[in-house]
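> This is the content of data-v2.pdb (PDB, C-alpha atoms):
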ATOM      1  CA  MET A 151    -157.145 129.487 -83.358  1.00  0.00           C
ATOM      2  CA  ALA A 152    -154.714 127.242 -85.253  1.00  0.00           C
ATOM      3  CA  ASP A 153    -155.878 124.380 -87.460  1.00  0.00           C
ATOM      4  CA  TYR A 154    -153.939 121.114 -87.482  1.00  0.00           C
ATOM      5  CA  THR A 155    -153.879 119.057 -90.677  1.00  0.00           C
ATOM      6  CA  PRO A 156    -152.255 115.620 -90.310  1.00  0.00           C
ATOM      7  CA  LEU A 157    -149.663 115.078 -93.053  1.00  0.00           C
ATOM      8  CA  ARG A 158    -148.159 111.723 -92.154  1.00  0.00           C
ATOM      9  CA  THR A 159    -148.173 109.170 -89.386  1.00  0.00           C
ATOM     10  CA  ALA A 160    -145.480 106.702 -88.352  1.00  0.00           C
ATOM     11  CA  ALA A 161    -145.259 103.966 -85.747  1.00  0.00           C
ATOM     12  CA  THR A 162    -142.251 102.563 -83.923  1.00  0.00           C
ATOM     13  CA  PHE A 163    -142.338  99.254 -82.065  1.00  0.00           C
ATOM     14  CA  ARG A 164    -139.698  98.020 -79.612  1.00  0.00           C
ATOM     15  CA  LEU A 165    -139.483  94.252 -79.301  1.00  0.00           C
ATOM     16  CA  VAL A 166    -137.679  92.305 -76.591  1.00  0.00           C
ATOM     17  CA  ALA A 167    -134.908  90.375 -78.376  1.00  0.00           C
ATOM     18  CA  GLY A 168    -133.282  88.871 -75.285  1.00  0.00           C
ATOM     19  CA  THR A 169    -130.812  89.741 -72.544  1.00  0.00           C
ATOM     20  CA  ASN A 170    -127.164  90.684 -72.837  1.00  0.00           C
ATOM     21  CA  PRO A 171    -125.314  87.882 -70.995  1.00  0.00           C
ATOM     22  CA  GLU A 172    -122.503  90.214 -69.893  1.00  0.00           C
ATOM     23  CA  THR A 173    -124.567  93.113 -68.549  1.00  0.00           C
ATOM     24  CA  GLY A 174    -127.975  91.547 -67.904  1.00  0.00           C
ATOM     25  CA  LYS A 175    -129.642  94.431 -69.763  1.00  0.00           C
ATOM     26  CA  THR A 176    -132.544  93.830 -72.098  1.00  0.00           C
ATOM     27  CA  ILE A 177    -131.786  93.839 -75.832  1.00  0.00           C
ATOM     28  CA  TYR A 178    -134.410  95.565 -77.963  1.00  0.00           C
ATOM     29  CA  LYS A 179    -135.111  95.310 -81.682  1.00  0.00           C
ATOM     30  CA  THR A 180    -136.903  98.271 -83.264  1.00  0.00           C
ATOM     31  CA  ILE A 181    -139.357  98.128 -86.153  1.00  0.00           C
ATOM     32  CA  SER A 182    -140.646 101.308 -87.808  1.00  0.00           C
ATOM     33  CA  ILE A 183    -143.549 101.739 -90.192  1.00  0.00           C
ATOM     34  CA  SER A 184    -143.889 105.094 -91.937  1.00  0.00           C
ATOM     35  CA  ALA A 185    -146.736 104.675 -94.426  1.00  0.00           C
ATOM     36  CA  ILE A 186    -149.690 104.881 -92.032  1.00  0.00           C
ATOM     37  CA  ASP A 187    -152.918 106.707 -92.861  1.00  0.00           C
ATOM     38  CA  PRO A 188    -152.911 110.014 -90.915  1.00  0.00           C
ATOM     39  CA  ALA A 189    -156.643 109.524 -90.254  1.00  0.00           C
ATOM     40  CA  LEU A 190    -155.876 106.478 -88.064  1.00  0.00           C
ATOM     41  CA  THR A 191    -157.612 106.949 -84.726  1.00  0.00           C
ATOM     42  CA  ALA A 192    -156.233 105.969 -81.338  1.00  0.00           C
ATOM     43  CA  VAL A 193    -158.855 103.203 -81.128  1.00  0.00           C
ATOM     44  CA  ASP A 194    -157.766 101.759 -84.491  1.00  0.00           C
ATOM     45  CA  TYR A 195    -154.103 102.014 -83.474  1.00  0.00           C
ATOM     46  CA  GLU A 196    -154.754 100.132 -80.222  1.00  0.00           C
ATOM     47  CA  ALA A 197    -156.707  97.444 -82.088  1.00  0.00           C
ATOM     48  CA  ALA A 198    -153.782  96.925 -84.479  1.00  0.00           C
ATOM     49  CA  ILE A 199    -151.302  96.778 -81.580  1.00  0.00           C
ATOM     50  CA  ALA A 200    -153.411  94.096 -79.898  1.00  0.00           C
ATOM     51  CA  LYS A 201    -152.969  91.855 -82.976  1.00  0.00           C
ATOM     52  CA  LEU A 202    -149.168  92.219 -83.182  1.00  0.00           C
ATOM     53  CA  PRO A 203    -148.331  89.294 -80.862  1.00  0.00           C
ATOM     54  CA  ASP A 204    -150.087  87.005 -83.363  1.00  0.00           C
ATOM     55  CA  VAL A 205    -147.679  87.936 -86.180  1.00  0.00           C
ATOM     56  CA  LEU A 206    -144.399  88.745 -84.404  1.00  0.00           C
ATOM     57  CA  ASP A 207    -141.856  86.234 -83.135  1.00  0.00           C
ATOM     58  CA  LEU A 208    -140.639  88.561 -80.357  1.00  0.00           C
ATOM     59  CA  PRO A 209    -142.703  90.063 -77.516  1.00  0.00           C
ATOM     60  CA  LEU A 210    -143.731  93.715 -77.858  1.00  0.00           C
ATOM     61  CA  HIS A 211    -142.218  95.993 -75.198  1.00  0.00           C
ATOM     62  CA  ASP A 212    -143.770  99.300 -76.270  1.00  0.00           C
ATOM     63  CA  SER A 213    -145.055 101.260 -79.237  1.00  0.00           C
ATOM     64  CA  ARG A 214    -145.118 104.882 -80.285  1.00  0.00           C
ATOM     65  CA  LYS A 215    -147.349 106.620 -82.830  1.00  0.00           C
ATOM     66  CA  THR A 216    -145.976 109.865 -84.259  1.00  0.00           C
ATOM     67  CA  VAL A 217    -148.147 112.297 -86.212  1.00  0.00           C
ATOM     68  CA  THR A 218    -146.648 115.131 -88.254  1.00  0.00           C
ATOM     69  CA  SER A 219    -149.174 117.913 -88.826  1.00  0.00           C
ATOM     70  CA  LEU A 220    -149.344 121.165 -90.740  1.00  0.00           C
ATOM     71  CA  VAL A 221    -150.299 124.049 -88.450  1.00  0.00           C
ATOM     72  CA  GLU A 222    -152.235 126.818 -90.197  1.00  0.00           C
TER      73      GLU A 222
END
In structure tokens, what does this structure look like?

Amino acid sequence: MADYTPLRTAATFRLVAGTNPETGKTIYKTISISAIDPALTAVDYEAAIAKLPDVLDLPLHDSRKTVTSLVE
């Protein structure tokens, strides 16, 4: 059976920046953070996401956590 060792973790957040007046489509702004502890659990990640509206000027549309692992 393979062993997975987390090497690095990143997070990407899409924020709603407004609406294009010509097309009516939503405009998104993306923020990425790459220096996240690979040991971060899903519970910790969700707790951090819940606090984002307190520090961001734009509403959060969605988030994505990406883990890069070594498979041995």
> Just how far from atom CA of Leu157 of chain A is atom CA of Ser213 of chain A, in Å to one decimal?
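Interatomic distance here is 20.1 Å.
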> Evaluate the PyMOL selection byres ((chain A and resi 217) around 7) against this structure - the residues, as a PyMOL selection string, please.
chain A and resi 156+158-160+215-216+218-219
> Which of these residues is nearest to Pro203 of chain A, using all atoms listed in the file: A:Leu165, A:Asp187, A:Met151, A:Leu220?
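The shortest atom-to-atom distance to Pro203 of chain A comes from A:Leu165.
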> Give me the residues within 8 Å of Ala167 of chain A as number ranges by chain, counting only C-alpha atoms and dropping any in the same chain fewer than 2 places off.
A: 165, 169, 176-179, 208-209
> Calculate how many Å separate atom CA of Tyr195 of chain A from atom CA of Ala161 of chain A, rounding to one decimal.
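Separation between atom CA of Tyr195 of chain A and atom CA of Ala161 of chain A: 9.3 Å.
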> In Å, with one decimal, what is the gap from atom CA of Ile186 of chain A to atom CA of Val166 of chain A?
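Atom CA of Val166 of chain A lies at a distance of 23.3 Å from atom CA of Ile186 of chain A.
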